[in-house]
>>> print(open('my_file-v6.cif').read())   # mmCIF, C-alpha atoms
data_my_file
loop_
_atom_site.label_atom_id
_atom_site.label_comp_id
_atom_site.auth_asym_id
_atom_site.auth_seq_id
_atom_site.Cartn_x
_atom_site.Cartn_y
_atom_site.Cartn_z
CA MET A 1 0.00 0.00 0.00
CA ALA A 2 1.17 3.49 -0.79
CA LYS A 3 1.23 6.29 1.78
CA PHE A 4 0.54 9.92 0.92
CA ASN A 5 1.76 12.66 3.27
CA PHE A 6 2.20 16.43 3.38
CA TYR A 7 5.08 18.11 5.23
CA LEU A 8 6.33 21.66 5.67
CA ARG A 9 9.75 22.33 4.22
CA ASP A 10 10.66 24.64 7.12
CA LYS A 11 8.44 24.31 10.21
CA LYS A 12 10.26 27.16 11.99
CA LYS A 13 10.13 29.74 9.22
CA ASP A 14 8.53 33.08 10.10
CA GLY A 15 6.67 33.30 6.83
CA GLU A 16 5.24 31.07 4.14
CA THR A 17 7.06 27.82 3.48
CA PRO A 18 6.37 25.30 0.69
CA ILE A 19 4.30 22.20 1.44
CA LEU A 20 6.03 19.00 0.37
CA PHE A 21 3.96 16.08 -0.94
CA LEU A 22 5.59 12.67 -0.43
CA ILE A 23 4.32 9.40 -1.90
CA SER A 24 5.86 6.27 -0.35
CA TYR A 25 5.48 2.66 -1.51
CA GLY A 26 7.84 -0.27 -1.06
CA SER A 27 11.30 1.25 -0.91
CA ILE A 28 10.37 4.09 -3.27
CA ARG A 29 9.90 7.71 -2.22
CA VAL A 30 8.41 10.17 -4.71
CA LYS A 31 8.38 13.92 -4.12
CA TYR A 32 5.74 15.74 -6.12
CA PRO A 33 5.26 19.54 -6.13
CA SER A 34 2.13 20.57 -4.24
CA LEU A 35 2.43 24.15 -5.54
CA LYS A 36 1.19 25.24 -2.12
CA ALA A 37 2.85 27.26 0.63
CA ILE A 38 1.63 28.26 4.07
CA HIS A 39 2.79 29.98 7.24
CA PRO A 40 3.60 27.30 9.88
CA LYS A 41 1.23 28.94 12.38
CA PHE A 42 -1.70 28.05 10.10
CA TRP A 43 -0.63 24.41 9.65
CA ASN A 44 -2.04 21.44 11.57
CA GLU A 45 0.82 18.96 11.46
CA LYS A 46 -1.20 16.07 12.87
CA GLU A 47 -4.05 16.44 10.38
CA GLN A 48 -1.69 17.56 7.59
CA LEU A 49 -4.15 20.32 6.69
CA ALA A 50 -4.52 24.05 7.12
CA ARG A 51 -6.09 25.20 10.37
CA HIS A 52 -9.52 26.79 10.20
CA VAL A 53 -8.79 30.10 11.93
CA LYS A 54 -10.00 33.64 11.37
CA GLU A 55 -6.55 34.79 10.28
CA PHE A 56 -6.51 32.24 7.43
CA PRO A 57 -9.97 32.54 5.78
CA GLN A 58 -8.94 30.54 2.72
CA ALA A 59 -8.33 27.38 4.80
CA LYS A 60 -11.34 25.52 3.39
CA ALA A 61 -10.41 26.14 -0.24
CA PHE A 62 -6.75 25.45 0.58
CA ASN A 63 -7.60 22.05 2.08
CA VAL A 64 -9.84 21.17 -0.85
CA SER A 65 -6.84 21.66 -3.14
CA LEU A 66 -4.67 19.41 -0.95
CA LYS A 67 -7.38 16.74 -0.90
CA LEU A 68 -7.68 16.93 -4.68
CA LEU A 69 -3.93 16.38 -4.99
CA LYS A 70 -3.99 13.42 -2.59
CA ASP A 71 -7.06 11.82 -4.20
CA SER A 72 -5.55 12.25 -7.67
CA ALA A 73 -2.30 10.63 -6.51
CA GLU A 74 -4.17 7.65 -5.04
CA LYS A 75 -6.15 7.28 -8.26
CA ALA A 76 -3.03 7.51 -10.44
CA PHE A 77 -1.11 5.02 -8.30
CA LEU A 78 -3.95 2.46 -8.27
CA PHE A 79 -4.43 2.77 -12.03
CA LEU A 80 -0.74 2.24 -12.79
CA GLU A 81 -0.36 -0.62 -10.32
CA THR A 82 -3.33 -2.40 -11.92
CA GLU A 83 -2.30 -1.59 -15.49
CA LEU A 84 1.39 -2.50 -15.08
CA GLY A 85 1.02 -5.39 -12.64
CA ARG A 86 3.78 -3.84 -10.53
CA PHE A 87 4.70 -0.70 -8.64
CA PRO A 88 5.11 2.25 -11.04
CA SER A 89 8.46 3.98 -11.31
CA PRO A 90 8.69 7.56 -9.94
CA GLU A 91 8.75 8.88 -13.52
CA GLU A 92 5.65 6.89 -14.49
CA LEU A 93 3.75 8.04 -11.41
CA LYS A 94 4.68 11.70 -11.88
CA ALA A 95 3.69 11.62 -15.54
CA LYS A 96 0.33 10.03 -14.77
CA LEU A 97 -0.33 12.47 -11.93
CA ASP A 98 0.49 15.40 -14.23
CA ILE A 99 -2.22 14.15 -16.57
CA GLU A 100 -4.73 13.67 -13.74
CA LEU A 101 -4.15 17.23 -12.51
CA GLY A 102 -3.85 18.83 -15.94
CA ARG A 103 -0.35 20.07 -15.19
CA ASN A 104 1.07 20.27 -18.68
CA PHE A 105 3.69 22.86 -17.77
CA ASN A 106 7.45 22.49 -17.92
CA PRO A 107 9.21 23.15 -14.56
CA ASP A 108 12.07 24.77 -16.48
CA GLU A 109 9.57 27.14 -18.09
CA VAL A 110 8.24 28.05 -14.64
CA GLU A 111 11.79 28.83 -13.50
CA GLU A 112 12.43 30.96 -16.59
CA LYS A 113 9.29 33.01 -15.92
CA LYS A 114 9.77 33.51 -12.20
CA ASP A 115 10.95 37.12 -12.72
CA LEU A 116 7.87 38.09 -14.73
CA GLY A 117 5.36 40.40 -13.07
CA PHE A 118 1.68 39.81 -12.37
CA LEU A 119 0.55 41.81 -15.40
CA ASP A 120 3.12 40.06 -17.61
CA PHE A 121 1.54 36.73 -16.69
CA PHE A 122 -1.91 38.17 -17.40
CA GLN A 123 -0.66 39.16 -20.86
CA GLN A 124 0.65 35.62 -21.35
CA PHE A 125 -2.75 34.26 -20.27
CA ILE A 126 -4.42 36.36 -22.98
CA LYS A 127 -1.86 35.31 -25.60
CA GLU A 128 -2.40 31.60 -24.90
CA SER A 129 -6.17 32.13 -25.03
CA GLU A 130 -5.81 33.86 -28.38
CA ASP A 131 -3.37 31.53 -30.12
CA GLY A 132 -5.12 28.28 -29.14
CA THR A 133 -2.66 27.12 -26.48
CA ARG A 134 -5.46 27.52 -23.95
CA LEU A 135 -8.87 26.18 -24.99
CA THR A 136 -12.39 26.30 -23.57
CA PRO A 137 -13.64 23.36 -21.44
CA LYS A 138 -15.26 22.06 -24.64
CA GLY A 139 -11.93 22.09 -26.48
CA ARG A 140 -12.73 25.12 -28.64
CA ARG A 141 -10.76 28.28 -29.38
CA PHE A 142 -11.81 31.36 -27.42
CA ASP A 143 -13.85 33.77 -29.51
CA ARG A 144 -13.01 37.39 -30.21
CA ARG A 145 -15.39 38.69 -27.55
CA SER A 146 -13.70 36.65 -24.82
CA ILE A 147 -10.27 37.97 -25.83
CA GLN A 148 -11.66 41.50 -25.90
CA LYS A 149 -13.07 41.00 -22.39
CA TYR A 150 -9.70 39.74 -21.10
CA ASN A 151 -7.93 42.77 -22.59
CA THR A 152 -10.47 45.14 -21.04
CA VAL A 153 -9.85 43.64 -17.58
CA LEU A 154 -6.08 43.83 -18.14
CA LYS A 155 -6.41 47.54 -18.99
CA SER A 156 -8.39 48.05 -15.79
CA LEU A 157 -5.75 46.24 -13.71
CA LYS A 158 -3.00 48.36 -15.25
CA GLU A 159 -4.80 51.51 -14.14
CA PHE A 160 -5.54 50.09 -10.71
CA GLY A 161 -1.93 48.90 -10.43
CA LYS A 162 -0.71 52.49 -10.43
CA THR A 163 -1.87 52.74 -6.82
CA TYR A 164 -1.68 49.07 -5.72
CA HIS A 165 1.36 46.78 -5.97
CA LEU A 166 0.10 43.81 -7.96
CA THR A 167 1.74 40.45 -7.29
CA PHE A 168 0.30 36.98 -6.89
CA GLU A 169 0.95 37.26 -3.15
CA SER A 170 -0.90 40.60 -2.89
CA ILE A 171 -4.19 39.19 -4.25
CA ASP A 172 -5.81 39.10 -0.83
CA LYS A 173 -8.76 40.61 1.00
CA SER A 174 -7.20 44.06 0.75
CA PHE A 175 -6.86 43.75 -3.04
CA TYR A 176 -10.45 42.57 -3.41
CA THR A 177 -11.86 45.39 -1.28
CA LYS A 178 -9.82 48.13 -2.95
CA TYR A 179 -10.33 46.85 -6.50
CA VAL A 180 -14.10 46.57 -6.01
CA LYS A 181 -14.10 50.13 -4.63
CA TYR A 182 -12.12 51.25 -7.68
CA LEU A 183 -14.65 49.65 -10.05
CA ASN A 184 -17.54 51.14 -8.10
CA THR A 185 -16.12 54.68 -8.28
CA GLU A 186 -16.89 57.06 -11.12
CA ILE A 187 -13.79 58.87 -12.38
CA SER A 188 -14.26 62.21 -14.12
CA GLU A 189 -12.43 65.41 -14.95
CA LYS A 190 -13.41 68.94 -15.84
CA LYS A 191 -13.11 70.17 -19.40
CA PRO A 192 -11.68 73.65 -20.09
CA ASN A 193 -15.25 74.91 -20.54
CA GLY A 194 -16.16 73.68 -17.06
CA GLU A 195 -18.18 70.65 -18.17
CA LYS A 196 -17.59 67.29 -16.53
CA LYS A 197 -16.06 64.55 -18.67
CA THR A 198 -16.60 61.00 -17.42
CA ILE A 199 -13.43 58.91 -17.72
CA LYS A 200 -14.87 55.77 -16.09
CA LYS A 201 -18.44 55.12 -15.03
CA ALA A 202 -19.32 53.37 -11.77
CA PHE A 203 -19.85 49.69 -12.50
CA SER A 204 -23.11 47.82 -12.26
CA LEU A 205 -23.05 44.81 -9.94
CA ASN A 206 -23.07 42.31 -12.81
CA ASN A 207 -20.33 44.11 -14.72
CA LEU A 208 -18.21 44.13 -11.58
CA GLY A 209 -18.85 40.40 -11.20
CA LYS A 210 -17.65 39.76 -14.77
CA TYR A 211 -14.32 41.49 -14.05
CA ILE A 212 -13.81 39.49 -10.85
CA GLN A 213 -14.68 36.26 -12.66
CA VAL A 214 -12.05 36.96 -15.33
CA ILE A 215 -9.45 37.51 -12.60
CA LYS A 216 -10.47 34.23 -10.93
CA THR A 217 -10.14 32.45 -14.28
CA PHE A 218 -6.68 33.95 -14.79
CA LEU A 219 -5.55 32.96 -11.27
CA THR A 220 -6.80 29.41 -11.83
CA TRP A 221 -4.70 29.26 -15.01
CA ALA A 222 -1.67 30.68 -13.18
CA THR A 223 -2.09 28.16 -10.35
CA ASP A 224 -2.49 25.20 -12.70
CA ASN A 225 0.69 26.26 -14.52
CA GLY A 226 2.74 26.60 -11.35
CA PHE A 227 3.07 30.38 -11.36
CA ASN A 228 0.80 31.09 -8.36
CA GLN A 229 0.53 29.51 -4.91
CA ASN A 230 -1.84 32.01 -3.27
CA LEU A 231 -5.33 30.47 -3.13
CA PHE A 232 -7.23 33.34 -1.55
CA PHE A 233 -9.10 33.80 -4.85
CA GLN A 234 -10.82 30.46 -4.20
CA SER A 235 -12.34 31.63 -0.90
CA LYS A 236 -15.92 32.86 -0.46
CA GLN A 237 -14.55 36.34 0.25
CA PHE A 238 -13.38 36.61 -3.37
CA LYS A 239 -16.86 36.38 -4.85
CA ALA A 240 -17.98 37.37 -8.33
CA PRO A 241 -21.51 38.75 -7.75
CA LYS A 242 -24.25 38.06 -10.24
CA VAL A 243 -27.88 39.13 -9.96
CA PRO A 244 -30.75 39.27 -12.45
CA GLY A 245 -30.06 42.43 -14.42
CA PHE A 246 -32.63 45.00 -15.48
CA SER A 247 -34.02 44.35 -18.93
CA ILE A 248 -37.14 44.95 -20.97
CA TYR A 249 -39.06 43.06 -23.61
CA LEU A 250 -41.00 44.40 -26.56
CA THR A 251 -44.62 43.51 -27.20
CA GLU A 252 -45.68 42.16 -30.57
CA LYS A 253 -47.21 45.56 -31.34
CA GLU A 254 -43.89 47.31 -30.59
CA ILE A 255 -41.94 44.81 -32.71
CA GLU A 256 -44.43 45.38 -35.56
CA ALA A 257 -43.87 49.14 -35.30
CA ILE A 258 -40.10 48.70 -35.57
CA TYR A 259 -40.54 46.34 -38.51
CA ASN A 260 -42.79 48.80 -40.39
CA LEU A 261 -40.51 51.81 -39.77
CA ASP A 262 -39.34 53.28 -43.10
CA LEU A 263 -35.54 53.31 -42.98
CA SER A 264 -34.92 53.25 -46.74
CA GLU A 265 -32.93 56.49 -46.46
CA ASN A 266 -30.39 54.81 -44.16
CA LYS A 267 -29.32 51.35 -45.30
CA HIS A 268 -27.13 50.79 -42.23
CA LEU A 269 -30.04 51.31 -39.86
CA GLU A 270 -32.31 49.24 -42.10
CA ARG A 271 -29.80 46.37 -42.05
CA ASP A 272 -29.50 46.43 -38.26
CA ARG A 273 -33.28 46.74 -37.82
CA ASP A 274 -33.79 43.65 -39.99
CA LEU A 275 -31.24 41.65 -37.99
CA PHE A 276 -32.95 42.67 -34.76
CA ILE A 277 -36.36 41.57 -36.06
CA VAL A 278 -34.85 38.18 -36.96
CA GLY A 279 -33.71 37.92 -33.34
CA CYS A 280 -37.19 38.90 -32.10
CA TRP A 281 -38.82 36.04 -33.99
CA THR A 282 -36.19 33.32 -33.60
CA GLY A 283 -35.18 33.76 -29.95
CA LEU A 284 -31.54 33.34 -30.92
CA ARG A 285 -28.64 35.15 -29.24
CA PHE A 286 -26.72 37.88 -31.06
CA SER A 287 -23.92 35.43 -31.90
CA ASP A 288 -26.47 33.18 -33.63
CA PHE A 289 -29.05 35.41 -35.34
CA THR A 290 -26.26 37.48 -36.93
CA ASN A 291 -24.64 34.35 -38.37
CA ILE A 292 -27.53 32.49 -39.99
CA GLU A 293 -26.33 30.93 -43.26
CA PRO A 294 -28.47 29.89 -46.28
CA GLU A 295 -27.70 26.23 -45.50
CA ASP A 296 -29.31 26.68 -42.05
CA ILE A 297 -32.68 27.23 -43.72
CA GLU A 298 -34.68 24.14 -44.60
CA GLY A 299 -38.17 24.86 -45.89
CA ASP A 300 -40.19 26.47 -43.11
CA PHE A 301 -37.49 26.01 -40.46
CA ILE A 302 -34.13 27.34 -39.35
CA LYS A 303 -31.90 24.54 -38.06
CA ILE A 304 -28.82 25.74 -36.21
CA LYS A 305 -26.41 24.71 -33.46
CA THR A 306 -26.12 27.59 -30.99
CA PHE A 307 -22.66 29.06 -30.53
CA LYS A 308 -22.70 29.46 -26.74
CA THR A 309 -24.08 26.07 -25.68
CA GLU A 310 -23.69 24.08 -28.92
CA THR A 311 -27.35 23.07 -28.58
CA PRO A 312 -29.09 22.09 -31.84
CA VAL A 313 -32.36 24.02 -32.20
CA ILE A 314 -35.09 24.01 -34.85
CA ILE A 315 -37.10 27.23 -35.21
CA PRO A 316 -40.13 27.84 -37.44
CA ILE A 317 -39.70 30.81 -39.76
CA HIS A 318 -42.01 33.70 -38.81
CA ARG A 319 -43.68 35.82 -41.48
CA MET A 320 -41.43 38.83 -40.80
CA VAL A 321 -38.29 36.67 -40.85
CA ARG A 322 -39.34 35.11 -44.17
CA GLU A 323 -39.83 38.54 -45.73
CA ILE A 324 -36.42 39.70 -44.49
CA LEU A 325 -34.77 36.54 -45.80
CA GLU A 326 -36.39 36.98 -49.21
CA LYS A 327 -35.38 40.65 -49.34
CA ASN A 328 -31.76 39.60 -48.77
CA GLN A 329 -31.86 36.54 -51.11
CA TYR A 330 -31.49 34.40 -47.97
CA ASN A 331 -28.05 35.91 -47.24
CA LEU A 332 -28.55 38.02 -44.13
CA PRO A 333 -26.21 40.99 -43.68
CA ARG A 334 -23.51 40.83 -41.02
CA ALA A 335 -23.43 43.06 -37.96
CA ILE A 336 -20.24 45.03 -37.35
CA SER A 337 -20.33 44.28 -33.62
CA ASN A 338 -22.75 43.84 -30.75
CA GLN A 339 -21.80 47.27 -29.41
CA HIS A 340 -22.36 48.93 -32.78
CA LEU A 341 -25.71 47.21 -33.23
CA ASN A 342 -26.84 48.31 -29.76
CA LYS A 343 -25.98 51.91 -30.61
CA ASN A 344 -28.02 51.79 -33.82
CA LEU A 345 -30.94 50.04 -32.12
CA LYS A 346 -31.33 52.95 -29.70
CA GLU A 347 -31.41 55.38 -32.62
CA ILE A 348 -34.06 53.25 -34.31
CA ALA A 349 -36.12 52.82 -31.13
CA LYS A 350 -36.21 56.60 -30.57
CA ARG A 351 -38.20 56.92 -33.78
CA ILE A 352 -40.98 54.66 -32.48
CA ASP A 353 -43.69 56.71 -30.79
CA ILE A 354 -45.01 53.90 -28.59
CA LEU A 355 -41.50 53.42 -27.13
CA ASP A 356 -41.34 57.08 -26.07
CA ILE A 357 -42.67 56.25 -22.61
CA ASN A 358 -41.14 56.39 -19.13
CA ILE A 359 -40.41 53.13 -17.31
CA ASN A 360 -38.99 52.30 -13.89
CA VAL A 361 -35.33 51.24 -14.01
CA GLU A 362 -33.79 49.50 -10.99
CA GLY A 363 -30.39 48.02 -10.27
CA VAL A 364 -27.11 48.35 -8.40
CA ARG A 365 -24.51 50.82 -9.64
CA GLY A 366 -21.37 51.88 -7.84
CA GLY A 367 -22.28 49.51 -5.03
CA LEU A 368 -25.55 51.36 -4.35
CA LYS A 369 -29.12 50.46 -5.24
CA PHE A 370 -30.87 52.89 -7.55
CA LYS A 371 -34.34 53.41 -8.93
CA GLU A 372 -35.01 55.93 -11.66
CA ARG A 373 -37.33 56.79 -14.53
CA ASP A 374 -36.06 56.55 -18.09
CA LYS A 375 -37.35 56.25 -21.64
CA LYS A 376 -38.07 52.70 -22.78
CA TYR A 377 -36.28 53.23 -26.09
CA ASN A 378 -33.00 53.75 -24.19
CA HIS A 379 -33.08 50.10 -23.07
CA VAL A 380 -33.56 48.37 -26.41
CA VAL A 381 -30.46 46.21 -27.02
CA THR A 382 -29.69 43.06 -28.99
CA HIS A 383 -30.60 40.82 -26.04
CA THR A 384 -34.04 42.46 -25.94
CA ALA A 385 -34.83 40.40 -29.04
CA ARG A 386 -34.34 37.04 -27.33
CA ARG A 387 -36.29 38.09 -24.22
CA SER A 388 -39.10 39.46 -26.36
CA PHE A 389 -39.39 36.21 -28.29
CA ALA A 390 -39.49 34.04 -25.16
CA THR A 391 -41.94 36.31 -23.35
CA ASN A 392 -44.35 36.85 -26.24
CA VAL A 393 -44.51 33.18 -27.21
CA TYR A 394 -44.95 32.13 -23.56
CA LYS A 395 -47.74 34.67 -23.05
CA SER A 396 -49.51 33.35 -26.14
CA GLY A 397 -50.10 30.11 -24.26
CA PHE A 398 -47.36 28.03 -25.89
CA PRO A 399 -46.11 25.40 -23.37
CA ALA A 400 -42.94 26.43 -21.52
CA ILE A 401 -41.30 23.01 -21.90
CA SER A 402 -41.79 23.08 -25.69
CA LEU A 403 -40.60 26.67 -25.90
CA MET A 404 -37.41 25.73 -24.02
CA LYS A 405 -36.54 23.35 -26.87
CA ILE A 406 -36.43 26.40 -29.13
CA THR A 407 -34.68 28.87 -26.81
CA GLY A 408 -32.19 26.22 -25.66
CA HIS A 409 -32.79 26.69 -21.91
CA ASN A 410 -31.84 23.56 -19.95
CA THR A 411 -34.07 24.03 -16.90
CA GLU A 412 -37.56 25.43 -16.43
CA LYS A 413 -36.27 27.45 -13.46
CA SER A 414 -33.75 29.32 -15.62
CA PHE A 415 -36.35 29.82 -18.34
CA LEU A 416 -39.02 31.22 -16.02
CA ALA A 417 -36.47 33.60 -14.49
CA TYR A 418 -35.61 34.72 -18.02
CA ILE A 419 -39.02 35.72 -19.37
CA LYS A 420 -40.59 39.06 -18.48
CA VAL A 421 -43.99 38.19 -17.05
CA THR A 422 -45.46 40.18 -14.16
CA PRO A 423 -47.27 38.52 -11.22
CA GLU A 424 -50.48 40.15 -12.46
CA GLU A 425 -50.06 38.54 -15.88
CA ASN A 426 -49.43 35.13 -14.33
CA ALA A 427 -52.56 35.52 -12.20
CA LYS A 428 -54.58 36.49 -15.30
CA ARG A 429 -53.31 33.39 -17.13
CA LEU A 430 -54.48 31.20 -14.26
CA LEU A 431 -57.89 32.93 -14.18
CA ASP A 432 -58.29 32.39 -17.93
CA HIS A 433 -57.36 28.74 -17.47
CA TRP A 434 -60.00 28.28 -14.77
CA GLU A 435 -62.67 29.94 -16.90
CA LYS A 436 -61.88 27.66 -19.85
CA THR A 437 -61.92 24.62 -17.57
CA ASN A 438 -65.28 25.57 -16.06
CA ASN A 439 -66.81 26.10 -19.50
CA THR A 440 -65.92 22.62 -20.74
#
>>> encode(input="my_file-v6.cif", output="structure tokens")
Amino acid sequence: MAKFNFYLRDKKKDGETPILFLISYGSIRVKYPSLKAIHPKFWNEKEQLARHVKEFPQAKAFNVSLKLLKDSAEKAFLFLETELGRFPSPEELKAKLDIELGRNFNPDEVEEKKDLGFLDFFQQFIKESEDGTRLTPKGRRFDRRSIQKYNTVLKSLKEFGKTYHLTFESIDKSFYTKYVKYLNTEISEKKPNGEKKTIKKAFSLNNLGKYIQVIKTFLTWATDNGFNQNLFFQSKQFKAPKVPGFSIYLTEKEIEAIYNLDLSENKHLERDRDLFIVGCWTGLRFSDFTNIEPEDIEGDFIKIKTFKTETPVIIPIHRMVREILEKNQYNLPRAISNQHLNKNLKEIAKRIDILDININVEGVRGGLKFKERDKKYNHVVTHTARRSFATNVYKSGFPAISLMKITGHNTEKSFLAYIKVTPEENAKRLLDHWEKTNNT
């Protein structure tokens, strides 16, 4: 039987010391890098785990990582012993354990990069995501929008780094608190004419959460590749908040008004309006409804595999969609970008009289809750199309489970949280159902 033990390299050190992982079997002793370090005062030598104390809040996540390493080593050893019919050599065991843990890095490469800074590693993370060295969990290349998001977060960290010393070791509670405060703070300056120019807006809660999630993803990559040993980012205190964001949907009457708007004098707006209408009557995401190809159209249906979830969906072609397809000889125009399309949609929506109404807008911005009145046309974006489709079809009485097969939602809970139906509308649907039942 093999034994698996953790030891501190220097139990008397007044600071972090590496944790050694030793695998013993027969007369063989194998040392394998744990990539973990800890201050001796936080280490329980008897249990060979981190102590759960207030001063070391990441203890739970830290111990989970140690358990993963130990369980992976036991699994690798048992597999090799069974497969080979003998004890594995140290080289065989290390190679198998590297595979189990996904450690495909070269120790010499880690040594060569030890003098690189935190932001240098972040740049390397982006490069590997862009050139295909790093792939998505589904084995695909990262798309342009993901790379753009990574670069945006890097730019933010560079600005923040002017006032905070960024290292892997400094990514702690203080970093999290100060960086969140930085994102939540509006930065502005006065123009020569006295007007205020906004340099950076205060972040919404969900936008803040996206930045934190990117940093967590980067730190996971850095840890897996042996560049980082600080696991505070895995603790509950390093959370990436996410709440249901404010959004609207358009009624069928409002969609009809947009569709009938004469935009012949501006072909760019007409193109973007047509793409948006396709989204309103297919329920597809921006990445899908802007990339429909002629071969995706089969008779009265659009058959497509969604980009985000790779879910095959079959969607009947609505009258408006058919007319737009025929106008474009079944070759839909391409959108320049999501951001550009959103800008043009607001210009289009402003021209629709029934969208020139005030609505209540709620959310969290700059860390504070807000509630304000704003014009509905200001909140028409590409994602409004998908929500409008799901909500309008659901309200028409079409079964939710069947509709989910078209929208690609995996659970009814996520679908029902997605559609925009008020409690009053749900109550009316139930009343109508009772009346129909009583009349039969």
>>> residues_around(input="my_file-v6.cif", residues="Tyr377 (chain A)", least_positions_apart="5", cutoff="6 Å", atoms="only C-alpha atoms", output="list in words")
Ala349, Lys350 and Leu355 of chain A
>>> atom_distance(input="my_file-v6.cif", atom1="CA of Leu101 (chain A)", atom2="CA of Lys67 (chain A)")
12.1 Å
>>> residues_around(input="my_file-v6.cif", residues="Asn410 (chain A)", least_positions_apart="4", cutoff="10 Å", atoms="all atoms listed in the file", output="list in words")
Thr309, Thr311, Ile401, Met404, Lys405, Ser414 and Phe415 of chain A
>>> resolve_selection(input="my_file-v6.cif", expression="the PyMOL selection byres ((chain A and resi 218) around 12)", output="VMD selection string")
chain A and resid 118 to 129 134 150 to 151 153 to 154 168 211 to 217 219 to 225 227 to 228 233 to 234
>>> atom_distance(input="my_file-v6.cif", atom1="CA of Lys11 (chain A)", atom2="CA of Ile23 (chain A)")
19.6 Å
>>> residues_around(input="my_file-v6.cif", residues="Ile406 (chain A)", least_positions_apart="3", cutoff="8 Å", atoms="only C-alpha atoms", output="JSON, numbers by chain")
{"A": [283, 313, 314, 315, 402, 403]}
>>> closest_residue(input="my_file-v6.cif", among="A:Leu430, A:Leu263, A:Ile304, A:Cys280", to="Arg386 (chain A)", atoms="only C-alpha atoms")
A:Cys280
>>> resolve_selection(input="my_file-v6.cif", expression="the PyMOL selection byres ((chain A and resi 55) around 12)", output="list in words")
His39, Lys41, Phe42, Trp43, Ala50, Arg51, His52, Val53, Lys54, Phe56, Pro57, Gln58, Ala59, Asp172, Lys173 and Phe232 of chain A
>>> resolve_selection(input="my_file-v6.cif", expression="the PyMOL selection byres ((chain A and resi 321-333) around 9)", output="PDB file with C-alpha atoms, in the frame of the given file")
ATOM      1  CA  ARG A 271     -29.800  46.370 -42.050  1.00  0.00           C
ATOM      2  CA  ASP A 272     -29.500  46.430 -38.260  1.00  0.00           C
ATOM      3  CA  ASP A 274     -33.790  43.650 -39.990  1.00  0.00           C
ATOM      4  CA  LEU A 275     -31.240  41.650 -37.990  1.00  0.00           C
ATOM      5  CA  ILE A 277     -36.360  41.570 -36.060  1.00  0.00           C
ATOM      6  CA  VAL A 278     -34.850  38.180 -36.960  1.00  0.00           C
ATOM      7  CA  GLY A 279     -33.710  37.920 -33.340  1.00  0.00           C
ATOM      8  CA  TRP A 281     -38.820  36.040 -33.990  1.00  0.00           C
ATOM      9  CA  THR A 282     -36.190  33.320 -33.600  1.00  0.00           C
ATOM     10  CA  THR A 290     -26.260  37.480 -36.930  1.00  0.00           C
ATOM     11  CA  ASN A 291     -24.640  34.350 -38.370  1.00  0.00           C
ATOM     12  CA  ILE A 292     -27.530  32.490 -39.990  1.00  0.00           C
ATOM     13  CA  GLU A 293     -26.330  30.930 -43.260  1.00  0.00           C
ATOM     14  CA  PRO A 294     -28.470  29.890 -46.280  1.00  0.00           C
ATOM     15  CA  ILE A 297     -32.680  27.230 -43.720  1.00  0.00           C
ATOM     16  CA  ASP A 300     -40.190  26.470 -43.110  1.00  0.00           C
ATOM     17  CA  ILE A 317     -39.700  30.810 -39.760  1.00  0.00           C
ATOM     18  CA  HIS A 318     -42.010  33.700 -38.810  1.00  0.00           C
ATOM     19  CA  ARG A 319     -43.680  35.820 -41.480  1.00  0.00           C
ATOM     20  CA  MET A 320     -41.430  38.830 -40.800  1.00  0.00           C
ATOM     21  CA  ARG A 334     -23.510  40.830 -41.020  1.00  0.00           C
ATOM     22  CA  ALA A 335     -23.430  43.060 -37.960  1.00  0.00           C
TER      23      ALA A 335
END
>>> atom_distance(input="my_file-v6.cif", atom1="CA of Asn378 (chain A)", atom2="CA of Asn266 (chain A)")
20.2 Å
>>> closest_residue(input="my_file-v6.cif", among="A:Val64, A:Asp356, A:Glu195, A:Glu130", to="Gln148 (chain A)", atoms="all atoms listed in the file")
A:Glu130
>>> closest_residue(input="my_file-v6.cif", among="A:Thr384, A:Phe62, A:Ile99, A:Ile171", to="Phe238 (chain A)", atoms="only C-alpha atoms")
A:Ile171
>>> closest_residue(input="my_file-v6.cif", among="A:Ile248, A:Leu205, A:Phe286, A:Tyr164", to="Val421 (chain A)", atoms="all atoms listed in the file")
A:Ile248
>>> closest_residue(input="my_file-v6.cif", among="A:Leu35, A:Leu183, A:Leu20, A:Ile28", to="Arg365 (chain A)", atoms="only C-alpha atoms")
A:Leu183
>>> closest_residue(input="my_file-v6.cif", among="A:Thr407, A:Ala390, A:Leu416, A:Asp374", to="Pro312 (chain A)", atoms="all atoms listed in the file")
A:Thr407
